[in-house]
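Okay, run_6.cif now, which holds mmCIF, C-alpha atoms and all ligand atoms:
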data_run
loop_
_atom_site.label_atom_id
_atom_site.label_comp_id
_atom_site.auth_asym_id
_atom_site.auth_seq_id
_atom_site.Cartn_x
_atom_site.Cartn_y
_atom_site.Cartn_z
CA MET H 133 5.38 -7.54 -53.87
CA VAL H 134 2.17 -6.21 -52.54
CA GLN H 135 -0.83 -7.72 -54.27
CA PHE H 136 -3.73 -5.47 -55.06
CA SER H 137 -5.69 -7.91 -57.12
CA ARG H 138 -8.21 -8.51 -54.36
CA ILE H 139 -9.09 -5.10 -53.16
CA CYS H 140 -12.00 -5.17 -50.86
CA LEU H 141 -11.00 -2.66 -48.28
CA ARG H 142 -13.41 0.24 -48.25
CA LYS H 143 -14.54 2.56 -45.57
CA PHE H 144 -17.77 4.36 -46.23
CA GLY H 145 -20.05 5.45 -43.49
CA ASN H 146 -20.93 2.52 -41.37
CA PHE H 147 -20.94 -0.23 -43.86
CA VAL H 148 -18.29 -2.83 -43.12
CA ASP H 149 -17.42 -5.42 -45.75
CA ASN H 150 -13.96 -6.35 -44.58
CA LEU H 151 -12.09 -6.66 -41.35
CA ARG H 152 -8.45 -7.16 -40.41
CA LEU H 153 -7.59 -9.09 -37.26
CA TYR H 154 -4.57 -10.29 -35.38
CA VAL H 155 -4.58 -13.95 -34.37
CA ARG H 156 -2.13 -15.93 -32.30
CA GLY H 157 -2.19 -19.57 -31.27
CA GLY H 158 -1.43 -20.27 -27.62
CA SER H 159 2.10 -21.11 -26.53
CA GLY H 160 2.91 -24.68 -25.62
CA GLY H 161 3.55 -25.58 -21.99
CA MET H 162 6.99 -26.36 -20.60
CA GLY H 163 8.14 -29.94 -20.59
CA LEU H 164 9.59 -31.58 -17.48
CA PRO H 165 13.01 -32.99 -18.40
CA ARG H 166 13.57 -34.76 -15.10
CA LEU H 167 10.51 -36.98 -15.56
CA GLY H 168 10.16 -36.86 -19.32
CA GLY H 169 6.94 -34.82 -18.97
CA GLN H 170 5.35 -33.19 -22.00
CA GLY H 171 3.94 -29.66 -21.88
CA GLY H 172 0.39 -29.09 -23.12
CA LYS H 173 -0.17 -27.90 -26.69
CA GLY H 174 -1.24 -24.27 -27.05
CA GLY H 175 -4.88 -23.63 -27.98
CA ASP H 176 -5.78 -23.02 -31.64
CA VAL H 177 -7.70 -20.04 -33.01
CA TRP H 178 -10.72 -20.84 -35.19
CA VAL H 179 -13.16 -18.84 -37.24
CA VAL H 180 -16.70 -20.20 -37.01
CA ALA H 181 -19.54 -19.10 -39.33
CA ALA H 182 -22.77 -17.94 -37.72
CA ASN H 183 -26.02 -16.73 -39.25
CA ASN H 184 -27.45 -13.32 -38.45
CA LEU H 185 -24.10 -11.75 -37.91
CA THR H 186 -22.51 -8.88 -39.82
CA LEU H 187 -18.89 -7.81 -40.04
CA LYS H 188 -19.96 -4.53 -38.47
CA ARG H 189 -21.20 -6.40 -35.41
CA VAL H 190 -17.98 -8.41 -35.20
CA LYS H 191 -16.01 -5.20 -35.44
CA ASP H 192 -18.06 -3.48 -32.74
CA LYS H 193 -17.90 -6.46 -30.44
CA TYR H 194 -14.11 -6.80 -30.56
CA PRO H 195 -12.61 -3.32 -30.84
CA HIS H 196 -9.19 -4.74 -29.91
CA LYS H 197 -9.25 -7.13 -32.90
CA ARG H 198 -6.72 -9.43 -31.22
CA PHE H 199 -7.48 -13.10 -30.72
CA LEU H 200 -5.19 -15.30 -28.70
CA GLY H 201 -5.41 -19.03 -28.04
CA GLY H 202 -4.88 -20.21 -24.47
CA ALA H 203 -1.43 -21.33 -23.33
CA GLY H 204 -0.81 -25.04 -22.82
CA ALA H 205 -0.17 -26.05 -19.20
CA ASN H 206 3.34 -26.85 -18.06
CA SER H 207 4.13 -30.42 -17.34
CA SER H 208 4.27 -31.03 -13.60
CA VAL H 209 4.83 -33.89 -11.23
CA ARG H 210 1.07 -34.10 -10.66
CA ALA H 211 0.26 -33.95 -14.37
CA LEU H 212 3.15 -35.10 -16.45
CA ARG H 213 1.19 -34.51 -19.64
CA GLY H 214 0.30 -30.83 -19.46
CA GLU H 215 -3.26 -29.90 -20.36
CA LYS H 216 -3.98 -28.43 -23.81
CA GLY H 217 -4.55 -24.68 -23.93
CA LYS H 218 -8.07 -23.40 -24.63
CA ASP H 219 -9.10 -23.01 -28.28
CA LEU H 220 -10.51 -19.65 -29.21
CA GLU H 221 -13.46 -19.24 -31.57
CA ILE H 222 -14.11 -16.06 -33.51
CA LEU H 223 -17.70 -15.90 -34.73
CA ALA H 224 -18.01 -14.49 -38.23
CA PRO H 225 -20.88 -14.06 -40.68
CA VAL H 226 -21.71 -16.77 -43.21
CA GLY H 227 -20.44 -15.89 -46.69
CA ILE H 228 -16.94 -14.61 -46.08
CA THR H 229 -13.52 -15.40 -47.44
CA VAL H 230 -10.68 -15.56 -44.94
CA THR H 231 -7.28 -14.54 -46.26
CA THR H 232 -3.87 -13.75 -44.91
CA ASP H 233 -2.80 -10.14 -44.92
CA ASP H 234 -1.11 -10.52 -48.28
CA GLY H 235 -4.11 -12.07 -49.95
CA ARG H 236 -3.50 -15.81 -49.68
CA ILE H 237 -6.85 -17.52 -49.27
CA LEU H 238 -7.13 -19.58 -46.10
CA GLY H 239 -10.68 -20.66 -46.77
CA ASP H 240 -14.33 -19.80 -47.34
CA LEU H 241 -17.13 -20.01 -44.83
CA ASN H 242 -20.38 -20.69 -46.62
CA THR H 243 -22.68 -22.36 -44.14
CA GLU H 244 -23.60 -21.95 -40.50
CA GLY H 245 -21.20 -23.79 -38.22
CA GLU H 246 -18.41 -24.18 -40.79
CA ARG H 247 -15.00 -23.79 -39.13
CA LEU H 248 -11.54 -22.82 -40.20
CA MET H 249 -8.36 -22.93 -38.16
CA VAL H 250 -6.45 -19.69 -38.60
CA ALA H 251 -3.63 -19.99 -36.04
CA ARG H 252 -2.30 -23.21 -34.59
CA GLY H 253 -1.18 -23.41 -30.99
CA GLY H 254 2.48 -24.22 -30.32
CA PRO H 255 3.49 -27.74 -29.30
CA GLY H 256 4.41 -28.24 -25.67
CA GLY H 257 7.98 -29.00 -24.63
CA ALA H 258 8.87 -32.67 -25.04
CA LEU H 259 11.81 -34.96 -25.44
CA TYR H 260 12.33 -34.10 -29.12
CA SER H 261 12.46 -30.38 -28.40
CA ALA H 262 14.70 -30.69 -25.38
CA PHE H 263 11.52 -29.96 -23.37
CA GLU H 264 11.37 -26.41 -24.70
CA PRO H 265 7.85 -25.35 -25.72
CA SER H 266 7.07 -23.50 -28.95
CA LYS H 267 5.06 -20.37 -29.52
CA GLY H 268 1.81 -20.47 -31.44
CA GLN H 269 1.44 -19.21 -35.01
CA THR H 270 0.82 -15.50 -35.33
CA LYS H 271 -0.62 -13.65 -38.29
CA HIS H 272 -2.88 -10.92 -39.48
CA ILE H 273 -5.93 -12.19 -41.28
CA ARG H 274 -8.74 -10.55 -43.20
CA PHE H 275 -12.41 -11.32 -43.49
CA ASP H 276 -13.92 -10.26 -46.79
CA LEU H 277 -17.62 -10.37 -47.42
CA LYS H 278 -18.23 -12.31 -50.62
CA LEU H 279 -19.87 -10.24 -53.28
CA ILE H 280 -22.58 -11.17 -55.74
CA ALA H 281 -21.74 -8.32 -58.09
CA ASP H 282 -20.21 -4.87 -58.23
CA LEU H 283 -23.61 -3.22 -58.29
CA GLY H 284 -27.02 -4.24 -57.08
CA LEU H 285 -30.26 -2.95 -58.59
CA VAL H 286 -32.71 -1.54 -56.09
CA GLY H 287 -36.16 -0.64 -57.33
CA PHE H 288 -39.86 -1.36 -57.11
CA PRO H 289 -41.50 -3.70 -59.61
CA ASN H 290 -41.93 -2.23 -63.09
CA ALA H 291 -39.30 0.46 -62.63
CA GLY H 292 -37.50 -1.26 -65.49
CA LYS H 293 -34.70 -3.14 -63.70
CA SER H 294 -34.77 -6.16 -66.01
CA SER H 295 -34.99 -3.96 -69.11
CA LEU H 296 -32.12 -1.84 -67.84
CA LEU H 297 -29.92 -4.85 -67.16
CA THR H 298 -30.49 -6.04 -70.70
CA ALA H 299 -29.82 -2.60 -72.18
CA LEU H 300 -26.62 -2.22 -70.15
CA SER H 301 -25.17 -5.62 -70.84
CA ASN H 302 -26.18 -5.93 -74.50
CA ALA H 303 -27.23 -9.47 -73.86
CA THR H 304 -29.48 -11.71 -71.91
CA PRO H 305 -28.37 -11.50 -68.30
CA GLN H 306 -27.15 -14.75 -66.81
CA ILE H 307 -28.52 -16.51 -63.80
CA ALA H 308 -25.77 -17.17 -61.30
CA SER H 309 -25.72 -19.35 -58.25
CA TYR H 310 -23.57 -18.85 -55.21
CA ALA H 311 -22.51 -21.26 -52.51
CA PHE H 312 -23.40 -18.92 -49.68
CA THR H 313 -26.97 -18.24 -50.70
CA THR H 314 -29.91 -20.02 -52.25
CA LEU H 315 -30.82 -16.84 -54.06
CA LYS H 316 -30.11 -16.90 -57.77
CA PRO H 317 -29.69 -13.36 -58.99
CA GLU H 318 -29.58 -12.32 -62.60
CA ILE H 319 -26.17 -10.95 -63.44
CA GLY H 320 -25.44 -8.61 -66.32
CA LYS H 321 -21.86 -7.94 -67.35
CA LEU H 322 -20.98 -4.45 -68.54
CA MET H 323 -18.11 -4.50 -70.99
CA TYR H 324 -15.81 -1.53 -71.51
CA LYS H 325 -13.49 -0.73 -74.39
CA ASP H 326 -10.43 -1.38 -72.24
CA TYR H 327 -11.78 -4.85 -71.40
CA LYS H 328 -12.78 -3.87 -67.90
CA GLN H 329 -15.92 -5.72 -66.83
CA ILE H 330 -18.43 -4.64 -64.23
CA SER H 331 -21.18 -6.90 -62.96
CA VAL H 332 -24.69 -5.80 -62.06
CA ALA H 333 -27.13 -7.98 -60.14
CA ASP H 334 -30.88 -7.88 -60.36
CA LEU H 335 -32.02 -9.58 -57.19
CA PRO H 336 -35.30 -11.37 -57.74
CA GLY H 337 -38.06 -10.34 -55.42
CA LEU H 338 -35.96 -7.62 -53.90
CA ILE H 339 -38.08 -5.10 -52.07
CA GLU H 340 -41.23 -6.06 -53.91
CA GLY H 341 -43.95 -5.40 -51.39
CA ALA H 342 -41.34 -5.05 -48.67
CA HIS H 343 -42.67 -1.79 -47.32
CA ALA H 344 -46.17 -3.18 -47.12
CA ASN H 345 -45.00 -6.47 -45.71
CA LYS H 346 -41.94 -5.55 -43.80
CA GLY H 347 -41.07 -8.89 -42.28
CA MET H 348 -41.16 -10.82 -45.51
CA GLY H 349 -39.67 -8.30 -47.87
CA HIS H 350 -36.58 -8.01 -45.78
CA LYS H 351 -35.32 -11.47 -46.48
CA PHE H 352 -34.47 -10.27 -49.97
CA LEU H 353 -32.69 -7.20 -48.73
CA LYS H 354 -30.09 -9.42 -47.14
CA HIS H 355 -28.47 -9.71 -50.54
CA VAL H 356 -28.16 -6.01 -51.17
CA GLU H 357 -25.25 -5.96 -48.78
CA ARG H 358 -23.31 -8.24 -51.06
CA THR H 359 -22.67 -5.62 -53.69
CA LYS H 360 -20.16 -2.78 -53.67
CA GLN H 361 -22.55 -0.07 -54.72
CA LEU H 362 -26.25 0.38 -55.24
CA LEU H 363 -28.05 1.36 -58.41
CA PHE H 364 -31.47 2.73 -57.54
CA VAL H 365 -33.93 2.55 -60.40
CA VAL H 366 -37.13 4.58 -60.54
CA ASP H 367 -39.72 5.25 -63.20
CA VAL H 368 -39.62 8.98 -63.97
CA SER H 369 -43.40 9.15 -63.91
CA GLY H 370 -43.65 7.49 -60.52
CA PHE H 371 -45.22 4.24 -59.50
CA GLN H 372 -48.22 2.50 -58.12
CA LEU H 373 -47.59 -0.73 -56.30
CA ALA H 374 -51.15 -2.02 -56.56
CA SER H 375 -54.41 -0.64 -57.86
CA LYS H 376 -55.54 -0.01 -54.28
CA THR H 377 -52.42 1.87 -53.15
CA PRO H 378 -51.87 5.53 -54.02
CA PHE H 379 -49.89 6.66 -57.03
CA ARG H 380 -46.52 8.06 -55.97
CA PRO H 381 -44.12 10.33 -57.79
CA ALA H 382 -40.49 9.28 -58.34
CA PHE H 383 -39.19 11.27 -55.36
CA GLU H 384 -41.37 9.22 -53.06
CA ALA H 385 -40.20 6.01 -54.68
CA VAL H 386 -36.61 6.98 -53.89
CA GLN H 387 -37.42 7.70 -50.26
CA LEU H 388 -39.49 4.54 -49.81
CA LEU H 389 -36.65 2.47 -51.21
CA THR H 390 -34.26 4.21 -48.85
CA LYS H 391 -36.60 3.53 -45.96
CA GLU H 392 -36.73 -0.15 -46.88
CA LEU H 393 -32.96 -0.44 -46.78
CA GLU H 394 -32.81 1.49 -43.55
CA LEU H 395 -35.45 -0.66 -41.87
CA TYR H 396 -33.50 -3.73 -42.77
CA LYS H 397 -30.04 -2.50 -41.87
CA GLU H 398 -29.20 1.11 -41.38
CA GLU H 399 -25.61 0.71 -42.52
CA LEU H 400 -26.81 -0.18 -46.03
CA VAL H 401 -27.86 3.40 -46.62
CA SER H 402 -24.23 4.48 -46.31
CA LYS H 403 -23.22 2.49 -49.38
CA PRO H 404 -22.26 4.51 -52.44
CA ALA H 405 -25.35 4.84 -54.61
CA LEU H 406 -26.35 6.07 -58.06
CA LEU H 407 -29.88 6.90 -59.13
CA VAL H 408 -31.20 5.86 -62.53
CA VAL H 409 -34.29 7.70 -63.66
CA ASN H 410 -35.81 5.40 -66.26
CA LYS H 411 -38.49 5.74 -68.95
CA MET H 412 -37.35 9.14 -70.14
CA ASP H 413 -39.14 8.42 -73.42
CA LEU H 414 -42.54 8.93 -71.75
CA PRO H 415 -44.44 12.24 -72.14
CA ASP H 416 -43.46 15.08 -69.74
CA ALA H 417 -40.43 13.10 -68.61
CA GLU H 418 -38.09 16.11 -68.78
CA ASP H 419 -40.30 18.23 -66.49
CA LYS H 420 -40.67 15.41 -64.02
CA LEU H 421 -36.93 14.82 -64.01
CA GLN H 422 -36.29 18.49 -63.17
CA GLU H 423 -38.83 18.33 -60.37
CA LEU H 424 -37.20 15.18 -59.00
CA LYS H 425 -33.76 16.76 -59.10
CA GLU H 426 -34.97 19.78 -57.16
CA GLN H 427 -36.59 17.58 -54.58
CA LEU H 428 -33.45 15.49 -54.21
CA GLN H 429 -31.37 18.58 -53.64
CA ASN H 430 -33.49 19.52 -50.70
CA PRO H 431 -35.19 16.36 -49.52
CA GLU H 432 -36.03 17.63 -46.03
CA GLU H 433 -38.27 20.29 -47.49
CA PHE H 434 -40.27 17.78 -49.49
CA SER H 435 -40.32 15.06 -46.90
CA ASP H 436 -43.84 15.88 -45.67
CA LEU H 437 -45.05 14.33 -48.90
CA LEU H 438 -44.33 11.05 -47.16
CA PRO H 439 -46.30 9.45 -44.34
CA ASP H 440 -44.28 9.56 -41.07
CA ASP H 441 -43.46 5.88 -41.04
CA MET H 442 -42.10 5.97 -44.57
CA ARG H 443 -39.72 8.85 -44.03
CA PRO H 444 -36.09 7.71 -43.90
CA LYS H 445 -33.84 8.98 -41.13
CA ASN H 446 -31.14 9.83 -43.63
CA TYR H 447 -31.47 10.87 -47.24
CA ILE H 448 -29.09 9.28 -49.66
CA SER H 449 -26.81 11.63 -51.49
CA PHE H 450 -26.49 10.05 -54.92
CA ARG H 451 -23.17 10.25 -56.68
CA HIS H 452 -24.95 10.57 -60.00
CA VAL H 453 -28.57 11.05 -61.05
CA VAL H 454 -28.77 9.60 -64.54
CA PRO H 455 -31.79 9.86 -66.86
CA VAL H 456 -32.16 6.94 -69.27
CA SER H 457 -34.61 5.03 -71.36
CA ALA H 458 -34.02 1.32 -71.24
CA THR H 459 -36.33 0.96 -74.25
CA THR H 460 -34.76 3.47 -76.63
CA GLY H 461 -31.22 3.26 -75.27
CA PHE H 462 -31.13 6.96 -74.45
CA GLY H 463 -28.56 7.72 -71.71
CA ILE H 464 -27.26 4.17 -71.45
CA ASP H 465 -23.70 5.06 -72.48
CA ASN H 466 -23.67 7.91 -70.02
CA LEU H 467 -24.86 5.58 -67.28
CA LYS H 468 -22.08 3.14 -68.09
CA ARG H 469 -19.58 5.97 -67.77
CA CYS H 470 -21.00 7.08 -64.41
CA ILE H 471 -20.92 3.52 -63.06
CA ARG H 472 -17.32 3.09 -64.15
CA GLU H 473 -16.27 6.39 -62.61
CA SER H 474 -17.92 5.61 -59.32
CA LEU H 475 -16.29 2.18 -59.01
CA ASP H 476 -12.89 3.45 -60.15
CA ASP H 477 -13.01 6.19 -57.52
CA ASP H 478 -13.61 3.63 -54.82
CA ALA H 479 -10.86 1.34 -56.06
CA ALA H 480 -8.41 4.24 -55.91
CA MET H 481 -9.53 5.07 -52.38
CA ALA H 482 -9.16 1.43 -51.36
CA ILE H 483 -5.56 1.34 -52.57
CA LYS H 484 -4.84 4.48 -50.60
CA ALA H 485 -6.40 2.98 -47.49
CA ILE H 486 -4.36 -0.21 -47.81
CA HIS H 487 -1.17 1.82 -48.18
CA GLN H 488 -2.05 3.79 -45.10
CA GLU H 489 -2.82 0.70 -43.07
CA ARG H 490 0.48 -0.90 -44.01
CA LEU H 491 2.40 2.26 -43.31
CA GLN H 492 0.82 2.46 -39.90
CA ALA H 493 1.70 -1.16 -39.19
CA LEU H 494 5.29 -0.51 -40.25
CA ARG H 495 5.55 2.51 -38.00
CA GLN H 496 4.25 0.53 -35.06
CA THR H 497 6.78 -2.24 -35.71
CA SER H 498 9.66 0.21 -35.96
CA HIS H 499 8.61 1.67 -32.61
CA GLY H 500 9.07 -1.72 -31.09
CA HIS H 501 5.49 -2.72 -30.35
CA SER H 502 4.04 -4.74 -33.18
N1 LIG C 1 -41.71 3.44 -71.94
C1 LIG C 1 -40.78 2.70 -71.32
N2 LIG C 1 -41.12 1.54 -70.76
C2 LIG C 1 -40.16 0.81 -70.15
C3 LIG C 1 -38.82 1.24 -70.07
N3 LIG C 1 -38.12 0.34 -69.38
C4 LIG C 1 -38.96 -0.65 -69.06
N4 LIG C 1 -40.20 -0.37 -69.52
C5 LIG C 1 -41.42 -1.19 -69.37
O1 LIG C 1 -41.78 -1.25 -68.01
C6 LIG C 1 -42.29 -2.52 -67.68
C7 LIG C 1 -41.48 -3.13 -66.53
O2 LIG C 1 -40.15 -3.36 -66.96
P1 LIG C 1 -39.21 -4.42 -66.25
O3 LIG C 1 -37.87 -4.27 -66.86
O4 LIG C 1 -39.84 -5.76 -66.30
O5 LIG C 1 -39.24 -3.86 -64.77
P2 LIG C 1 -38.74 -4.55 -63.41
O6 LIG C 1 -39.95 -5.11 -62.76
O7 LIG C 1 -38.17 -3.44 -62.61
O8 LIG C 1 -37.73 -5.58 -63.77
C8 LIG C 1 -42.22 -3.36 -68.94
O9 LIG C 1 -43.46 -3.33 -69.56
C9 LIG C 1 -41.18 -2.63 -69.78
O10 LIG C 1 -41.39 -2.81 -71.14
C10 LIG C 1 -38.50 2.52 -70.68
O11 LIG C 1 -37.38 2.99 -70.65
N5 LIG C 1 -39.53 3.18 -71.28
MG MG C 2 -37.68 -7.61 -63.27
#
Take the structure in the file and give it back as structure tokens.
Amino acid sequence: MVQFSRICLRKFGNFVDNLRLYVRGGSGGMGLPRLGGQGGKGGDVWVVAANNLTLKRVKDKYPHKRFLGGAGANSSVRALRGEKGKDLEILAPVGITVTTDDGRILGDLNTEGERLMVARGGPGGALYSAFEPSKGQTKHIRFDLKLIADLGLVGFPNAGKSSLLTALSNATPQIASYAFTTLKPEIGKLMYKDYKQISVADLPGLIEGAHANKGMGHKFLKHVERTKQLLFVVDVSGFQLASKTPFRPAFEAVQLLTKELELYKEELVSKPALLVVNKMDLPDAEDKLQELKEQLQNPEEFSDLLPDDMRPKNYISFRHVVPVSATTGFGIDNLKRCIRESLDDDAAMAIKAIHQERLQALRQTSHGHS
């Protein structure tokens, strides 16, 4: 039975949140029957967690995605006990789960330097094996980036993220802690009539002041990558970060947020995203919403509203633009529907992709080169 309970495989743009690899422990060395010599053990394959690494970088660095431990040395007259084969280390980002191809969890890597053996080298030939060496373990494994929530809220202060989370989840959002990060995001759970639950994370400090203080703001952005999709939140009447900075309409807020993500990690911008236009209860909201929609349809044309250094390279194409009022509850049900649809679409695509990958693997095997 194929298990689809842990579906993490998605391929959108450049963002990589899972990876499938082939690993094989080294073969043992030959024993030496005449002198009772023992072949060296094959090298093991390890996964080692490293900071400042992404799955995308791992993928780009090893296009072959095959990792083989070194072979153990044969026993010889000079060295009766054959030398052990070389271990192989695969560097992987902190905060991943390592599983077998069929979803069995091999382990979690939560801190820098943590290690996990994923394929053991074969024992060398020795008396008990009639001096015949064994092959190393072989398997396909997966790295899955651990997620904080299904969706992450992305917005400037006062856009109404906290209010929205409360309106969406009908309750006080919970503070959650995770082993792989010191950040404690607020998580709201969206409940659906069919008992499906979707989690939304409000990441404290996210982006606040990031564009004015690029270096510091970015440490919060690190956590945006740990959600499946992004929920941008803007105030329909625009925003003003501080009394000294200019007032900016909603369109500019969207592009500045995009720029922030892009500056931190360009691949983030390729995540599926929805745009929530909040505070629709304010005067002139409807006109402003129409204006925003026009601008979003043709962002290039309106991009000179932005200073050069705040213009993103790519404009996000939002799956849905949803007007709401977190205060009155207007549009909240519609937003819940849009969120559900967007996640369901991706889940369906993920199942398709897994089928395809397995089919391809089967074809390769039946052609004789696995
Ligand atoms: N008029 C109006 N005010 C809102 C709405 N949503 C939030 N606010 C107000 O906007 C301010 C900032 O909201 P908050 O949820 O704390 O924003 P956050 O900083 O993005 O988390 C608060 O004073 C809220 O009461 C809304 O839909 N309409
Ligand atoms: Mg808040």
At a cut-off of 12 Å and counting all atoms listed in the file, what residues surround ligand LIG 1 (chain C)? Please answer as a short mmCIF file (atom, residue, chain, number, x, y, z; two decimals) with C-alpha atoms, keeping the file's coordinate frame.
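Below you can see selection15.cif, which holds the result:
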data_model
loop_
_atom_site.label_atom_id
_atom_site.label_comp_id
_atom_site.auth_asym_id
_atom_site.auth_seq_id
_atom_site.Cartn_x
_atom_site.Cartn_y
_atom_site.Cartn_z
CA LEU H 285 -30.26 -2.95 -58.59
CA VAL H 286 -32.71 -1.54 -56.09
CA GLY H 287 -36.16 -0.64 -57.33
CA PHE H 288 -39.86 -1.36 -57.11
CA PRO H 289 -41.50 -3.70 -59.61
CA ASN H 290 -41.93 -2.23 -63.09
CA ALA H 291 -39.30 0.46 -62.63
CA GLY H 292 -37.50 -1.26 -65.49
CA LYS H 293 -34.70 -3.14 -63.70
CA SER H 294 -34.77 -6.16 -66.01
CA SER H 295 -34.99 -3.96 -69.11
CA LEU H 296 -32.12 -1.84 -67.84
CA LEU H 297 -29.92 -4.85 -67.16
CA THR H 298 -30.49 -6.04 -70.70
CA ALA H 299 -29.82 -2.60 -72.18
CA LEU H 300 -26.62 -2.22 -70.15
CA PRO H 305 -28.37 -11.50 -68.30
CA GLU H 318 -29.58 -12.32 -62.60
CA ALA H 333 -27.13 -7.98 -60.14
CA ASP H 334 -30.88 -7.88 -60.36
CA LEU H 335 -32.02 -9.58 -57.19
CA PRO H 336 -35.30 -11.37 -57.74
CA GLY H 337 -38.06 -10.34 -55.42
CA LEU H 338 -35.96 -7.62 -53.90
CA ILE H 339 -38.08 -5.10 -52.07
CA GLU H 340 -41.23 -6.06 -53.91
CA LEU H 363 -28.05 1.36 -58.41
CA PHE H 364 -31.47 2.73 -57.54
CA VAL H 365 -33.93 2.55 -60.40
CA VAL H 366 -37.13 4.58 -60.54
CA ASP H 367 -39.72 5.25 -63.20
CA VAL H 368 -39.62 8.98 -63.97
CA SER H 369 -43.40 9.15 -63.91
CA GLY H 370 -43.65 7.49 -60.52
CA PHE H 371 -45.22 4.24 -59.50
CA LEU H 373 -47.59 -0.73 -56.30
CA VAL H 408 -31.20 5.86 -62.53
CA VAL H 409 -34.29 7.70 -63.66
CA ASN H 410 -35.81 5.40 -66.26
CA LYS H 411 -38.49 5.74 -68.95
CA MET H 412 -37.35 9.14 -70.14
CA ASP H 413 -39.14 8.42 -73.42
CA LEU H 414 -42.54 8.93 -71.75
CA PRO H 415 -44.44 12.24 -72.14
CA ASP H 416 -43.46 15.08 -69.74
CA ALA H 417 -40.43 13.10 -68.61
CA PRO H 455 -31.79 9.86 -66.86
CA VAL H 456 -32.16 6.94 -69.27
CA SER H 457 -34.61 5.03 -71.36
CA ALA H 458 -34.02 1.32 -71.24
CA THR H 459 -36.33 0.96 -74.25
CA THR H 460 -34.76 3.47 -76.63
CA GLY H 461 -31.22 3.26 -75.27
CA PHE H 462 -31.13 6.96 -74.45
CA GLY H 463 -28.56 7.72 -71.71
CA ILE H 464 -27.26 4.17 -71.45
#
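The spacing separating CA of Tyr260 (chain H) from CA of Leu212 (chain H) amounts to 15.7 Å.
When only C-alpha atoms are used to measure the gap to Leu395 (chain H), the shortest distance among H:Ala493, H:Leu437, H:Val356, H:Met442 belongs to H:Met442.
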Inset, instruction - Could you please give me, as a VMD selection string, the residues of protein, DNA or RNA lying at most 7 Å from (-0.7, -14.1, -44.9) in the coordinate frame of the file, considering only C-alpha atoms? - result: chain H and resid 231 to 236 271 to 273
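We find CA of Pro431 (chain H) and CA of Tyr447 (chain H) to be spaced 7.0 Å apart.
A straight line drawn from CA of Gly320 (chain H) to CA of Val453 (chain H) is 20.6 Å long.
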Inset, instruction - Identify the residues around (-6.4, -12.3, -45.7) within a radius of 12 Å, measuring from all atoms listed in the file in the coordinates stated by the file, and give them as a ChimeraX atom specification. - result: /H:135-136,138-141,150-155,228-240,250,271-277
Where atoms are lacking, region 401-409 of chain H completed to N, CA, C and O atoms, as a PDB file, keeping the file's coordinate frame:
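To be explicit, this is the file written out as selection-v3.pdb:
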ATOM      1  N   VAL H 401     -27.593   2.089 -46.027  1.00  0.00           N
ATOM      2  CA  VAL H 401     -27.860   3.400 -46.620  1.00  0.00           C
ATOM      3  C   VAL H 401     -26.557   4.181 -46.825  1.00  0.00           C
ATOM      4  O   VAL H 401     -26.503   5.127 -47.589  1.00  0.00           O
ATOM      5  N   SER H 402     -25.496   3.752 -46.156  1.00  0.00           N
ATOM      6  CA  SER H 402     -24.230   4.480 -46.310  1.00  0.00           C
ATOM      7  C   SER H 402     -23.396   3.949 -47.483  1.00  0.00           C
ATOM      8  O   SER H 402     -22.304   4.424 -47.730  1.00  0.00           O
ATOM      9  N   LYS H 403     -23.934   2.970 -48.187  1.00  0.00           N
ATOM     10  CA  LYS H 403     -23.220   2.490 -49.380  1.00  0.00           C
ATOM     11  C   LYS H 403     -23.257   3.542 -50.483  1.00  0.00           C
ATOM     12  O   LYS H 403     -24.254   4.230 -50.638  1.00  0.00           O
ATOM     13  N   PRO H 404     -22.209   3.596 -51.294  1.00  0.00           N
ATOM     14  CA  PRO H 404     -22.260   4.510 -52.440  1.00  0.00           C
ATOM     15  C   PRO H 404     -23.440   4.128 -53.330  1.00  0.00           C
ATOM     16  O   PRO H 404     -23.685   2.940 -53.557  1.00  0.00           O
ATOM     17  N   ALA H 405     -24.164   5.142 -53.812  1.00  0.00           N
ATOM     18  CA  ALA H 405     -25.350   4.840 -54.610  1.00  0.00           C
ATOM     19  C   ALA H 405     -25.487   5.808 -55.788  1.00  0.00           C
ATOM     20  O   ALA H 405     -25.088   6.966 -55.716  1.00  0.00           O
ATOM     21  N   LEU H 406     -26.020   5.269 -56.876  1.00  0.00           N
ATOM     22  CA  LEU H 406     -26.350   6.070 -58.060  1.00  0.00           C
ATOM     23  C   LEU H 406     -27.851   5.931 -58.279  1.00  0.00           C
ATOM     24  O   LEU H 406     -28.435   4.903 -57.924  1.00  0.00           O
ATOM     25  N   LEU H 407     -28.441   6.964 -58.855  1.00  0.00           N
ATOM     26  CA  LEU H 407     -29.880   6.900 -59.130  1.00  0.00           C
ATOM     27  C   LEU H 407     -30.120   6.927 -60.641  1.00  0.00           C
ATOM     28  O   LEU H 407     -29.670   7.842 -61.333  1.00  0.00           O
ATOM     29  N   VAL H 408     -30.815   5.901 -61.120  1.00  0.00           N
ATOM     30  CA  VAL H 408     -31.200   5.860 -62.530  1.00  0.00           C
ATOM     31  C   VAL H 408     -32.660   6.270 -62.639  1.00  0.00           C
ATOM     32  O   VAL H 408     -33.526   5.682 -61.979  1.00  0.00           O
ATOM     33  N   VAL H 409     -32.912   7.280 -63.435  1.00  0.00           N
ATOM     34  CA  VAL H 409     -34.290   7.700 -63.660  1.00  0.00           C
ATOM     35  C   VAL H 409     -34.680   7.167 -65.039  1.00  0.00           C
ATOM     36  O   VAL H 409     -34.214   7.668 -66.074  1.00  0.00           O
TER      37      VAL H 409
END
